[in-house]
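What follows is the content of target_0.tsv, which has TSV, C-alpha atoms and all ligand atoms:
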```tsv
chain	number	residue	atom	x	y	z
A	1	MET	CA	-43.49	-36.64	30.73
A	2	ASN	CA	-41.36	-36.27	27.64
A	3	GLN	CA	-40.21	-39.12	25.45
A	4	TYR	CA	-36.84	-39.33	27.18
A	5	ILE	CA	-37.64	-39.42	30.89
A	6	ASP	CA	-40.77	-39.35	33.05
A	7	PHE	CA	-40.12	-36.38	35.34
A	8	ASN	CA	-43.50	-36.55	37.04
A	9	SER	CA	-42.97	-39.98	38.51
A	10	THR	CA	-39.35	-39.44	39.51
A	11	ILE	CA	-39.07	-39.26	43.28
A	12	TYR	CA	-35.57	-39.03	44.62
A	13	PRO	CA	-34.90	-40.81	47.89
A	14	PHE	CA	-33.79	-38.24	50.41
A	15	PRO	CA	-30.52	-38.84	52.20
A	16	PRO	CA	-30.33	-39.18	55.97
A	17	LYS	CA	-29.63	-35.98	57.88
A	18	PRO	CA	-26.23	-35.76	59.62
A	19	ALA	CA	-26.31	-36.61	63.32
A	20	LEU	CA	-26.80	-33.65	65.65
A	21	LEU	CA	-23.61	-32.85	67.55
A	22	SER	CA	-23.18	-31.37	70.98
A	23	LYS	CA	-21.27	-28.11	71.42
A	24	ASP	CA	-18.18	-30.00	72.57
A	25	GLU	CA	-18.36	-32.46	69.70
A	26	LYS	CA	-18.60	-29.58	67.24
A	27	LYS	CA	-15.62	-27.85	68.79
A	28	HIS	CA	-13.62	-31.07	68.66
A	29	CYS	CA	-14.50	-31.61	64.97
A	30	ARG	CA	-13.64	-28.02	64.03
A	31	GLU	CA	-10.22	-28.26	65.68
A	32	LYS	CA	-9.56	-31.58	64.01
A	33	ILE	CA	-10.56	-30.22	60.60
A	34	LYS	CA	-8.26	-27.22	60.99
A	35	ARG	CA	-5.38	-29.54	61.87
A	36	LEU	CA	-6.09	-31.94	59.01
A	37	LEU	CA	-6.39	-29.14	56.46
A	38	LYS	CA	-2.92	-27.91	57.42
A	39	GLN	CA	-1.37	-31.36	57.51
A	40	GLN	CA	-2.75	-32.22	54.10
A	41	ASP	CA	-2.09	-28.90	52.37
A	42	ALA	CA	-5.84	-28.68	51.81
A	43	VAL	CA	-8.28	-25.81	51.45
A	44	MET	CA	-12.06	-25.79	51.88
A	45	VAL	CA	-14.26	-24.67	49.01
A	46	ALA	CA	-17.85	-24.39	50.25
A	47	HIS	CA	-21.13	-23.51	48.55
A	48	TYR	CA	-23.52	-20.85	49.84
A	49	TYR	CA	-26.13	-23.57	50.47
A	50	THR	CA	-24.07	-25.52	52.99
A	51	ASP	CA	-24.87	-25.02	56.66
A	52	PRO	CA	-23.62	-21.79	58.29
A	53	GLU	CA	-21.14	-23.67	60.50
A	54	ILE	CA	-19.51	-25.15	57.38
A	55	GLN	CA	-19.36	-21.76	55.65
A	56	SER	CA	-17.81	-20.11	58.71
A	57	LEU	CA	-15.21	-22.87	58.96
A	58	ALA	CA	-14.27	-22.40	55.30
A	59	GLU	CA	-13.84	-18.66	55.94
A	60	GLU	CA	-11.83	-19.17	59.12
A	61	THR	CA	-9.41	-21.55	57.44
A	62	GLY	CA	-8.66	-19.39	54.41
A	63	GLY	CA	-11.01	-21.20	52.05
A	64	CYS	CA	-13.90	-19.75	50.10
A	65	VAL	CA	-17.68	-19.63	50.25
A	66	ALA	CA	-19.15	-19.00	46.84
A	67	ASP	CA	-21.46	-19.99	44.01
A	68	SER	CA	-20.44	-22.80	41.68
A	69	LEU	CA	-18.67	-20.50	39.20
A	70	GLU	CA	-16.55	-18.85	41.89
A	71	MET	CA	-15.89	-22.22	43.56
A	72	ALA	CA	-14.45	-23.46	40.27
A	73	ARG	CA	-12.33	-20.34	39.86
A	74	PHE	CA	-11.06	-20.39	43.44
A	75	GLY	CA	-10.02	-24.06	43.31
A	76	ASN	CA	-8.29	-23.38	40.02
A	77	LYS	CA	-6.22	-20.49	41.33
A	78	HIS	CA	-5.42	-21.66	44.86
A	79	SER	CA	-2.03	-23.25	45.45
A	80	ALA	CA	-3.25	-26.01	47.84
A	81	SER	CA	-2.64	-29.54	46.55
A	82	THR	CA	-5.95	-30.82	48.00
A	83	LEU	CA	-9.38	-29.25	47.61
A	84	LEU	CA	-12.04	-30.18	50.14
A	85	VAL	CA	-15.27	-29.40	48.30
A	86	ALA	CA	-18.28	-28.93	50.58
A	87	GLY	CA	-21.23	-29.00	48.23
A	88	VAL	CA	-22.73	-31.61	45.95
A	89	ARG	CA	-21.01	-34.12	43.73
A	90	PHE	CA	-21.05	-32.21	40.44
A	91	MET	CA	-19.08	-29.44	42.19
A	92	GLY	CA	-16.39	-31.91	43.20
A	93	GLU	CA	-16.31	-33.29	39.66
A	94	THR	CA	-15.98	-29.81	38.21
A	95	ALA	CA	-13.09	-29.10	40.57
A	96	LYS	CA	-11.36	-32.31	39.49
A	97	ILE	CA	-11.91	-31.64	35.77
A	98	LEU	CA	-10.33	-28.21	36.15
A	99	ASN	CA	-7.56	-29.43	38.48
A	100	PRO	CA	-6.58	-32.97	37.53
A	101	GLU	CA	-3.27	-32.69	39.37
A	102	LYS	CA	-5.03	-31.88	42.66
A	103	ARG	CA	-6.65	-34.30	45.07
A	104	VAL	CA	-10.33	-33.44	45.35
A	105	LEU	CA	-12.08	-34.71	48.47
A	106	MET	CA	-15.71	-34.42	49.47
A	107	PRO	CA	-17.41	-35.02	52.82
A	108	THR	CA	-19.62	-37.52	50.98
A	109	LEU	CA	-19.91	-38.61	47.37
A	110	GLU	CA	-23.60	-39.33	47.99
A	111	ALA	CA	-24.50	-35.63	47.94
A	112	GLU	CA	-26.53	-35.52	44.74
A	113	CYS	CA	-28.51	-32.84	42.97
A	114	SER	CA	-31.98	-33.41	41.49
A	115	LEU	CA	-30.92	-31.54	38.33
A	116	ASP	CA	-27.96	-33.85	37.82
A	117	LEU	CA	-30.01	-36.97	38.65
A	118	GLY	CA	-32.79	-35.81	36.32
A	119	CYS	CA	-30.47	-35.57	33.33
A	120	PRO	CA	-28.98	-39.02	32.73
A	121	GLU	CA	-26.30	-39.20	30.07
A	122	LYS	CA	-27.96	-41.80	27.83
A	123	GLU	CA	-31.33	-40.07	27.56
A	124	PHE	CA	-29.77	-36.65	27.24
A	125	THR	CA	-27.44	-37.81	24.48
A	126	GLN	CA	-30.47	-39.13	22.59
A	127	PHE	CA	-32.22	-35.77	23.05
A	128	CYS	CA	-29.18	-33.94	21.62
A	129	ASP	CA	-28.79	-36.42	18.77
A	130	ASP	CA	-32.44	-35.86	17.86
A	131	HIS	CA	-31.75	-32.11	17.47
A	132	PRO	CA	-28.36	-31.95	15.79
A	133	ASP	CA	-28.89	-28.38	14.56
A	134	ARG	CA	-28.85	-27.00	18.11
A	135	THR	CA	-25.97	-25.76	20.25
A	136	VAL	CA	-25.97	-27.67	23.54
A	137	VAL	CA	-25.74	-25.55	26.68
A	138	VAL	CA	-25.79	-27.34	30.03
A	139	TYR	CA	-25.95	-25.94	33.48
A	140	ALA	CA	-23.04	-26.66	35.83
A	141	ASN	CA	-25.42	-28.93	37.81
A	142	THR	CA	-24.75	-31.93	35.58
A	143	SER	CA	-22.46	-34.95	35.54
A	144	ALA	CA	-19.08	-34.92	33.81
A	145	ALA	CA	-20.59	-37.19	31.13
A	146	VAL	CA	-23.36	-34.69	30.33
A	147	LYS	CA	-20.87	-31.83	30.28
A	148	ALA	CA	-18.75	-33.84	27.88
A	149	ARG	CA	-21.72	-33.95	25.46
A	150	ALA	CA	-22.22	-30.18	25.63
A	151	ASP	CA	-20.84	-27.28	23.61
A	152	TRP	CA	-21.06	-24.94	26.60
A	153	VAL	CA	-21.36	-25.19	30.35
A	154	VAL	CA	-22.99	-22.27	32.15
A	155	THR	CA	-23.90	-21.18	35.66
A	156	SER	CA	-26.92	-19.07	36.60
A	157	SER	CA	-24.67	-16.03	37.15
A	158	ILE	CA	-23.89	-15.73	33.42
A	159	ALA	CA	-26.75	-17.68	31.83
A	160	VAL	CA	-28.60	-14.69	30.36
A	161	GLU	CA	-25.41	-13.15	28.96
A	162	LEU	CA	-24.23	-16.39	27.38
A	163	ILE	CA	-27.56	-17.22	25.75
A	164	ASP	CA	-27.84	-13.64	24.53
A	165	TYR	CA	-24.40	-14.00	22.94
A	166	LEU	CA	-25.25	-17.34	21.28
A	167	ASP	CA	-28.56	-15.93	20.06
A	168	SER	CA	-26.74	-12.98	18.50
A	169	GLN	CA	-24.63	-15.56	16.60
A	170	GLY	CA	-27.86	-17.03	15.19
A	171	LYS	CA	-27.62	-20.24	17.26
A	172	LYS	CA	-30.62	-22.34	18.21
A	173	ILE	CA	-30.15	-23.83	21.65
A	174	ILE	CA	-30.71	-26.95	23.69
A	175	TRP	CA	-30.86	-25.98	27.35
A	176	ALA	CA	-30.51	-28.48	30.19
A	177	PRO	CA	-31.42	-29.50	32.77
A	178	ASP	CA	-33.47	-26.85	34.65
A	179	ARG	CA	-36.76	-25.99	32.97
A	180	HIS	CA	-37.49	-22.90	35.06
A	181	LEU	CA	-34.09	-21.34	34.46
A	182	GLY	CA	-34.38	-22.26	30.77
A	183	ASN	CA	-37.77	-20.55	30.53
A	184	TYR	CA	-36.47	-17.52	32.39
A	185	VAL	CA	-33.47	-17.20	30.08
A	186	ARG	CA	-35.72	-17.63	27.03
A	187	LYS	CA	-37.97	-14.85	28.32
A	188	GLN	CA	-35.03	-12.53	28.96
A	189	THR	CA	-33.28	-13.09	25.63
A	190	GLY	CA	-35.97	-14.18	23.17
A	191	ALA	CA	-33.59	-16.96	22.06
A	192	ASP	CA	-34.82	-20.16	20.41
A	193	ILE	CA	-34.42	-22.59	23.31
A	194	LEU	CA	-35.47	-26.21	23.52
A	195	CYS	CA	-35.55	-27.13	27.18
A	196	TRP	CA	-34.84	-30.36	29.04
A	197	GLN	CA	-37.52	-30.61	31.75
A	198	GLY	CA	-35.54	-31.08	34.98
A	199	ALA	CA	-36.10	-29.09	38.17
A	200	CYS	CA	-34.40	-28.33	41.45
A	201	ILE	CA	-36.35	-29.93	44.30
A	202	VAL	CA	-35.66	-26.90	46.51
A	203	HIS	CA	-36.61	-24.03	44.20
A	204	ASP	CA	-39.48	-25.91	42.60
A	205	GLU	CA	-41.24	-25.81	45.98
A	206	PHE	CA	-41.63	-22.06	46.37
A	207	LYS	CA	-45.31	-21.24	46.32
A	208	THR	CA	-46.89	-18.23	44.66
A	209	GLN	CA	-50.06	-17.81	46.73
A	210	ALA	CA	-48.21	-18.27	50.01
A	211	LEU	CA	-45.60	-15.75	48.86
A	212	ILE	CA	-48.32	-13.22	48.06
A	213	ARG	CA	-49.65	-13.70	51.59
A	214	VAL	CA	-46.18	-13.14	53.10
A	215	LYS	CA	-45.80	-10.03	50.96
A	216	GLY	CA	-49.14	-8.89	52.40
A	217	LEU	CA	-47.69	-9.22	55.90
A	218	HIS	CA	-44.56	-7.26	54.90
A	219	PRO	CA	-45.64	-4.83	52.18
A	220	ASP	CA	-42.37	-2.89	52.55
A	221	ALA	CA	-40.22	-5.95	51.81
A	222	ALA	CA	-38.45	-6.68	48.53
A	223	VAL	CA	-38.65	-10.19	47.09
A	224	LEU	CA	-35.42	-11.84	45.90
A	225	VAL	CA	-35.80	-14.93	43.72
A	226	HIS	CA	-33.39	-17.45	42.23
A	227	PRO	CA	-34.39	-18.26	38.63
A	228	GLU	CA	-34.57	-22.00	39.30
A	229	SER	CA	-37.94	-21.10	40.87
A	230	PRO	CA	-41.22	-21.38	38.93
A	231	GLN	CA	-42.02	-18.45	36.61
A	232	ALA	CA	-45.04	-17.38	38.70
A	233	VAL	CA	-42.70	-16.89	41.67
A	234	ILE	CA	-40.15	-15.06	39.51
A	235	ASP	CA	-42.97	-12.74	38.39
A	236	LEU	CA	-43.33	-11.56	42.00
A	237	ALA	CA	-39.64	-10.69	42.35
A	238	ASP	CA	-37.97	-7.31	42.82
A	239	ALA	CA	-34.63	-8.94	41.96
A	240	VAL	CA	-33.88	-12.19	40.15
A	241	GLY	CA	-30.42	-13.71	40.01
A	242	SER	CA	-27.84	-16.29	40.96
A	243	THR	CA	-26.80	-16.67	44.59
A	244	SER	CA	-24.01	-14.07	44.26
A	245	GLN	CA	-26.32	-11.68	42.42
A	246	LEU	CA	-28.99	-12.06	45.10
A	247	ILE	CA	-26.46	-11.22	47.83
A	248	LYS	CA	-25.47	-8.09	45.88
A	249	ALA	CA	-29.14	-7.18	45.37
A	250	ALA	CA	-29.76	-7.58	49.10
A	251	GLN	CA	-27.06	-4.99	49.72
A	252	SER	CA	-28.03	-2.53	47.02
A	253	LEU	CA	-31.84	-2.51	47.30
A	254	PRO	CA	-33.08	0.21	49.63
A	255	HIS	CA	-35.53	-2.13	51.41
A	256	GLN	CA	-34.85	-3.03	55.03
A	257	LYS	CA	-36.84	-6.25	54.75
A	258	LEU	CA	-36.11	-8.98	52.23
A	259	ILE	CA	-38.10	-12.11	51.40
A	260	VAL	CA	-35.68	-14.60	49.89
A	261	ALA	CA	-36.64	-17.46	47.55
A	262	THR	CA	-33.59	-19.68	47.44
A	263	ASP	CA	-31.93	-22.21	49.74
A	264	LYS	CA	-31.81	-20.75	53.24
A	265	GLY	CA	-28.09	-21.57	53.50
A	266	ILE	CA	-27.60	-18.26	51.68
A	267	PHE	CA	-28.79	-16.33	54.76
A	268	TYR	CA	-25.36	-16.70	56.36
A	269	LYS	CA	-23.53	-14.65	53.71
A	270	MET	CA	-26.51	-12.42	52.96
A	271	GLN	CA	-26.82	-11.37	56.59
A	272	GLN	CA	-23.05	-10.70	56.68
A	273	ALA	CA	-23.45	-8.50	53.60
A	274	CYS	CA	-26.29	-6.46	55.13
A	275	PRO	CA	-26.39	-7.03	58.89
A	276	GLU	CA	-28.93	-4.27	59.46
A	277	LYS	CA	-31.60	-5.86	57.24
A	278	GLN	CA	-34.30	-8.36	58.16
A	279	LEU	CA	-34.38	-11.55	56.08
A	280	PHE	CA	-37.43	-13.78	55.67
A	281	GLU	CA	-37.65	-17.18	54.02
A	282	ALA	CA	-40.03	-17.33	51.07
A	283	PRO	CA	-42.69	-19.95	51.85
A	284	THR	CA	-42.48	-23.50	50.58
A	285	ALA	CA	-45.67	-24.43	52.38
A	286	GLY	CA	-49.18	-23.61	51.19
A	287	GLU	CA	-51.52	-25.08	48.66
A	288	GLY	CA	-50.07	-28.08	46.86
A	289	ALA	CA	-46.97	-28.10	49.02
A	290	SER	CA	-45.18	-31.29	49.88
A	291	CYS	CA	-42.43	-29.38	51.62
A	292	ARG	CA	-39.96	-32.16	51.03
A	293	SER	CA	-37.08	-29.73	51.09
A	294	CYS	CA	-38.38	-26.76	53.12
A	295	ALA	CA	-35.92	-24.43	51.37
A	296	HIS	CA	-32.84	-26.37	52.33
A	297	CYS	CA	-31.22	-28.84	49.99
A	298	PRO	CA	-31.03	-32.23	51.72
A	299	TRP	CA	-27.88	-33.12	49.80
A	300	MET	CA	-26.13	-29.88	50.75
A	301	ALA	CA	-27.10	-30.68	54.36
A	302	MET	CA	-25.02	-33.87	54.16
A	303	ASN	CA	-21.87	-31.75	54.42
A	304	GLY	CA	-21.66	-32.02	58.20
A	305	LEU	CA	-18.58	-31.54	60.39
A	306	GLN	CA	-18.15	-35.28	61.05
A	307	ALA	CA	-18.37	-36.04	57.33
A	308	ILE	CA	-15.63	-33.47	56.64
A	309	VAL	CA	-13.40	-35.08	59.26
A	310	GLN	CA	-13.99	-38.47	57.64
A	311	GLY	CA	-13.31	-37.10	54.18
A	312	LEU	CA	-9.98	-35.66	55.23
A	313	GLU	CA	-8.96	-38.65	57.36
A	314	ARG	CA	-10.02	-41.44	55.07
A	315	GLY	CA	-10.01	-40.12	51.50
A	316	GLY	CA	-10.24	-43.13	49.21
A	317	GLU	CA	-13.15	-44.22	47.10
A	318	GLN	CA	-15.80	-42.96	49.52
A	319	HIS	CA	-14.49	-39.41	49.48
A	320	GLU	CA	-12.11	-38.78	46.59
A	321	ILE	CA	-13.35	-37.67	43.19
A	322	TRP	CA	-11.97	-39.42	40.13
A	323	VAL	CA	-12.82	-38.50	36.57
A	324	GLU	CA	-11.51	-40.72	33.82
A	325	LYS	CA	-8.99	-38.94	31.56
A	326	GLU	CA	-10.87	-39.12	28.26
A	327	LEU	CA	-14.10	-37.92	29.87
A	328	ARG	CA	-12.26	-35.20	31.73
A	329	GLU	CA	-10.67	-33.86	28.56
A	330	LYS	CA	-14.03	-33.75	26.77
A	331	ALA	CA	-15.81	-32.05	29.68
A	332	LEU	CA	-12.99	-29.55	30.05
A	333	ILE	CA	-13.68	-27.98	26.64
A	334	PRO	CA	-17.16	-26.55	27.42
A	335	LEU	CA	-16.07	-25.72	30.98
A	336	ASN	CA	-13.13	-23.69	29.74
A	337	ARG	CA	-15.41	-21.94	27.26
A	338	MET	CA	-17.58	-20.89	30.21
A	339	LEU	CA	-14.61	-19.65	32.23
A	340	ASP	CA	-13.21	-17.69	29.27
A	341	PHE	CA	-16.63	-16.18	28.58
A	342	ALA	CA	-17.02	-15.21	32.25
A	343	THR	CA	-13.58	-13.62	32.23
A	344	GLN	CA	-14.43	-11.56	29.16
A	345	LEU	CA	-17.67	-10.42	30.82
A	346	LYS	CA	-15.74	-9.24	33.87
A	401	LIG	S1	-30.38	-26.76	45.81
A	401	LIG	FE1	-31.29	-27.70	43.96
A	401	LIG	S2	-29.84	-27.22	42.33
A	401	LIG	FE2	-28.75	-26.92	44.28
A	401	LIG	S3	-27.76	-28.88	44.69
A	401	LIG	FE3	-29.74	-28.94	45.77
A	401	LIG	S4	-31.12	-29.93	44.29
A	401	LIG	FE4	-29.33	-29.26	43.13
```
Turn this file's structure into structure tokens for me.
Amino acid sequence: MNQYIDFNSTIYPFPPKPALLSKDEKKHCREKIKRLLKQQDAVMVAHYYTDPEIQSLAEETGGCVADSLEMARFGNKHSASTLLVAGVRFMGETAKILNPEKRVLMPTLEAECSLDLGCPEKEFTQFCDDHPDRTVVVYANTSAAVKARADWVVTSSIAVELIDYLDSQGKKIIWAPDRHLGNYVRKQTGADILCWQGACIVHDEFKTQALIRVKGLHPDAAVLVHPESPQAVIDLADAVGSTSQLIKAAQSLPHQKLIVATDKGIFYKMQQACPEKQLFEAPTAGEGASCRSCAHCPWMAMNGLQAIVQGLERGGEQHEIWVEKELREKALIPLNRMLDFATQLK
């Protein structure tokens, strides 16, 4: 526990899983979604952690499947007047902040993220106010209000580079909300980082001893790890990186077998990228496991076909993202800094 929030006793209620659909029901929903997207001049922007059938639908309909940085970029550049964001709420908010003139719909506004929930605005503002000498860097997985309090927003794909840059400018840093990613970035850059203590309920569950056992079964496999995982798991990795970086690593590493420690939704695009390779889920079971997530984010799983139909048909306060103007303008500043920095890196 820190003085701002008791992370140890915070248990997030898990959302209900979407109803299972028959083959015919799925086909019906897919056709309906395609029709509604056209009628509404809408495009799908889906995250790698959504279910494969959602990712394939986004691809088929001219949308994108990407990490949160690329989702933001795609929505920004695409000419559609409506963005259907299949992901979690902060992704919809980010899309709206960057595209206030567009309608941003989500299958459900109840798709949360434990990092966002674990970094409430009031407590985080107090934390920042208590350390006024530090530059505030927040991960994209935060609310618009938390972004508005930050100097920079960052995604895992450019976190090391950004912190390295700020460190070279002599800045001391507040990092929020993910403690594992913060520690990883500190280790990579040597920067002076004060970390908020949030965690992702999916990546926090990967287990070191069980992973060592799986490696024992497949000694010729490479281990790919997302840096929201605990440091002991990262220490076992052959490649560490954001979702996009892990997909690239899967392609470029010579290994034919890959053990992957991130949400299993990524297997859809990873297998497309290297169809000849064998992918294994890194274990979330083992000693001390609660396996509440089993390597699939329960909030990402809420983006079912029926929910997408409802989002497009109904819109309104259950599906449309609104961000108040003053808040939007404040949050836009650190978001634009991130996008400019990412562009310069490219
Ligand atoms: S996988 Fe983790 S970081 Fe991503 S949305 Fe789910 S809880 Fe948040």
Assuming 8 Å of padding per side, give the centre and edge lengths of the axis-aligned box around every listed atom of ligand LIG 401 (chain A), in Å to one decimal and as AutoDock Vina command-line options.
```
--center_x -29.5 --center_y -28.3 --center_z 44.1 --size_x 19.5 --size_y 19.2 --size_z 19.5
```
query: If you count all atoms listed in the file, which residues fall within 10 Å of Ala295 (chain A), apart from same-chain ones fewer than 4 positions away, as a list in words?
result: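 Surrounding residues, per the criterion: Tyr49, Ile201, Val202, His203, Asp204, Glu205, Phe206, Val260, Ala261, Thr262, Asp263, Lys264, Gly265, Glu281, Ala282, Pro283, Thr284, Ala285 and Cys291 of chain A.
Taking CA of Ser81 (chain A) and CA of Ala19 (chain A) as endpoints, the distance between them is 29.9 Å.
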Kindly assemble as a tab-separated table a list of the chain A residues that lie within 10 Å of ligand LIG 401 (chain A), each paired with its nearest atom pair and their distance in Å to one decimal, using all atoms listed in the file, sorted first by chain and then by ascending residue number.
```
residue	atom	partner	partner_atom	distance
A:His47	CA	A:LIG401	S3	9.4
A:Tyr48	CA	A:LIG401	FE2	9.8
A:Tyr49	CA	A:LIG401	S1	7.1
A:Thr50	CA	A:LIG401	S1	9.6
A:Ser68	CA	A:LIG401	FE2	9.6
A:Gly87	CA	A:LIG401	S3	7.4
A:Val88	CA	A:LIG401	S3	5.9
A:Arg89	CA	A:LIG401	S3	8.6
A:Phe90	CA	A:LIG401	S3	8.6
A:Met91	CA	A:LIG401	S3	9.1
A:Ala111	CA	A:LIG401	S3	8.2
A:Glu112	CA	A:LIG401	S3	6.8
A:Cys113	CA	A:LIG401	FE4	3.7
A:Ser114	CA	A:LIG401	S4	4.5
A:Leu115	CA	A:LIG401	FE4	5.5
A:Asp116	CA	A:LIG401	FE4	7.2
A:Leu117	CA	A:LIG401	FE4	8.9
A:Tyr139	CA	A:LIG401	S2	9.8
A:Ala140	CA	A:LIG401	S2	9.4
A:Asn141	CA	A:LIG401	S2	6.5
A:Thr142	CA	A:LIG401	FE4	9.2
A:Pro177	CA	A:LIG401	S2	10.0
A:Asp178	CA	A:LIG401	S2	8.5
A:Ala199	CA	A:LIG401	FE1	7.7
A:Cys200	CA	A:LIG401	FE1	4.0
A:Ile201	CA	A:LIG401	S4	5.2
A:Val202	CA	A:LIG401	FE1	5.1
A:His203	CA	A:LIG401	FE1	6.5
A:Asp204	CA	A:LIG401	FE1	8.5
A:Glu228	CA	A:LIG401	S2	7.7
A:Ser229	CA	A:LIG401	FE1	9.9
A:Thr262	CA	A:LIG401	S1	7.9
A:Asp263	CA	A:LIG401	S1	6.2
A:Lys264	CA	A:LIG401	S1	9.7
A:Gly265	CA	A:LIG401	S1	9.6
A:Ser293	CA	A:LIG401	S1	9.0
A:Ala295	CA	A:LIG401	S1	8.2
A:His296	CA	A:LIG401	S1	7.0
A:Cys297	CA	A:LIG401	FE3	4.5
A:Pro298	CA	A:LIG401	FE3	6.9
A:Trp299	CA	A:LIG401	FE3	6.1
A:Met300	CA	A:LIG401	FE3	6.2
A:Ala301	CA	A:LIG401	FE3	9.2
```
message: Which residues are near region 31-44 of chain A? Cut-off 7 Å, only C-alpha atoms, ignore same chain within fewer than 3 positions. Put them as number ranges by chain.
response: A: 27-28, 58, 61, 63-64, 80-85, 309, 312
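Across A:Val104, A:Leu327, A:Leu253, A:Val45, the tightest approach to Ala145 (chain A) is made by A:Leu327 when counting all atoms listed in the file.
Between CA of Thr208 (chain A) and CA of Gln256 (chain A) lies a distance of 22.0 Å.
Between CA of Ala273 (chain A) and CA of Met71 (chain A) the separation is 18.6 Å.
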field: Counting all atoms listed in the file, the option among A:Pro227, A:Gly75, A:Gly198, A:Pro16 closest to Leu98 (chain A)
entry: A:Gly75
message: Applying 10 Å and only C-alpha atoms, which residues near Leu224 (chain A) remain after dropping the ones on its own chain fewer than 3 positions away? List them as a list in words.
response: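 Non-adjacent residues within range: Ala221, Pro227, Val233, Ile234, Leu236, Ala237, Asp238, Ala239, Val240, Gly241, Thr243, Gln245, Leu246, Ile247, Ala249, Ala250, Leu258, Ile259, Val260, Ala261, Thr262, Glu281 and Ala282 of chain A.
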query: Taking (-27.1, -10.7, 58.6) in the file's coordinates, which residues come within 12 Å, counting only C-alpha atoms, written as an MDAnalysis selection string?
result: chainID A and resid 52 247 250:251 256:258 266:280
Export of prior selection with C-alpha atoms as a PDB file, keeping the file's coordinate frame:
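Printed below is again_18.pdb as written:
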```pdb
ATOM      1  CA  PRO A  52     -23.620 -21.790  58.290  1.00  0.00           C
ATOM      2  CA  ILE A 247     -26.460 -11.220  47.830  1.00  0.00           C
ATOM      3  CA  ALA A 250     -29.760  -7.580  49.100  1.00  0.00           C
ATOM      4  CA  GLN A 251     -27.060  -4.990  49.720  1.00  0.00           C
ATOM      5  CA  GLN A 256     -34.850  -3.030  55.030  1.00  0.00           C
ATOM      6  CA  LYS A 257     -36.840  -6.250  54.750  1.00  0.00           C
ATOM      7  CA  LEU A 258     -36.110  -8.980  52.230  1.00  0.00           C
ATOM      8  CA  ILE A 266     -27.600 -18.260  51.680  1.00  0.00           C
ATOM      9  CA  PHE A 267     -28.790 -16.330  54.760  1.00  0.00           C
ATOM     10  CA  TYR A 268     -25.360 -16.700  56.360  1.00  0.00           C
ATOM     11  CA  LYS A 269     -23.530 -14.650  53.710  1.00  0.00           C
ATOM     12  CA  MET A 270     -26.510 -12.420  52.960  1.00  0.00           C
ATOM     13  CA  GLN A 271     -26.820 -11.370  56.590  1.00  0.00           C
ATOM     14  CA  GLN A 272     -23.050 -10.700  56.680  1.00  0.00           C
ATOM     15  CA  ALA A 273     -23.450  -8.500  53.600  1.00  0.00           C
ATOM     16  CA  CYS A 274     -26.290  -6.460  55.130  1.00  0.00           C
ATOM     17  CA  PRO A 275     -26.390  -7.030  58.890  1.00  0.00           C
ATOM     18  CA  GLU A 276     -28.930  -4.270  59.460  1.00  0.00           C
ATOM     19  CA  LYS A 277     -31.600  -5.860  57.240  1.00  0.00           C
ATOM     20  CA  GLN A 278     -34.300  -8.360  58.160  1.00  0.00           C
ATOM     21  CA  LEU A 279     -34.380 -11.550  56.080  1.00  0.00           C
ATOM     22  CA  PHE A 280     -37.430 -13.780  55.670  1.00  0.00           C
TER      23      PHE A 280
END
```
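Near Ile333 (chain A), within a cut-off of 12 Å and counting only C-alpha atoms, sit the residues Thr94, Ile97, Leu98, Ala144, Lys147, Ala148, Arg149, Ala150, Asp151, Trp152, Val153, Glu326, Leu327, Arg328, Met338, Leu339 and Asp340 of chain A, with same-chain residues fewer than 5 positions away left out.
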task: Kindly indicate which residue among A:Gly190, A:Asn336, A:Asp167, A:Gly118 lies nearest to Asn8 (chain A), using all atoms listed in the file for the distances.
output: A:Gly118
- prompt: Which residue gives the smallest distance to His319 (chain A) among A:Gln344, A:Asn303, A:Ser244, A:Gln55, with all atoms listed in the file counted?
  reply: A:Asn303
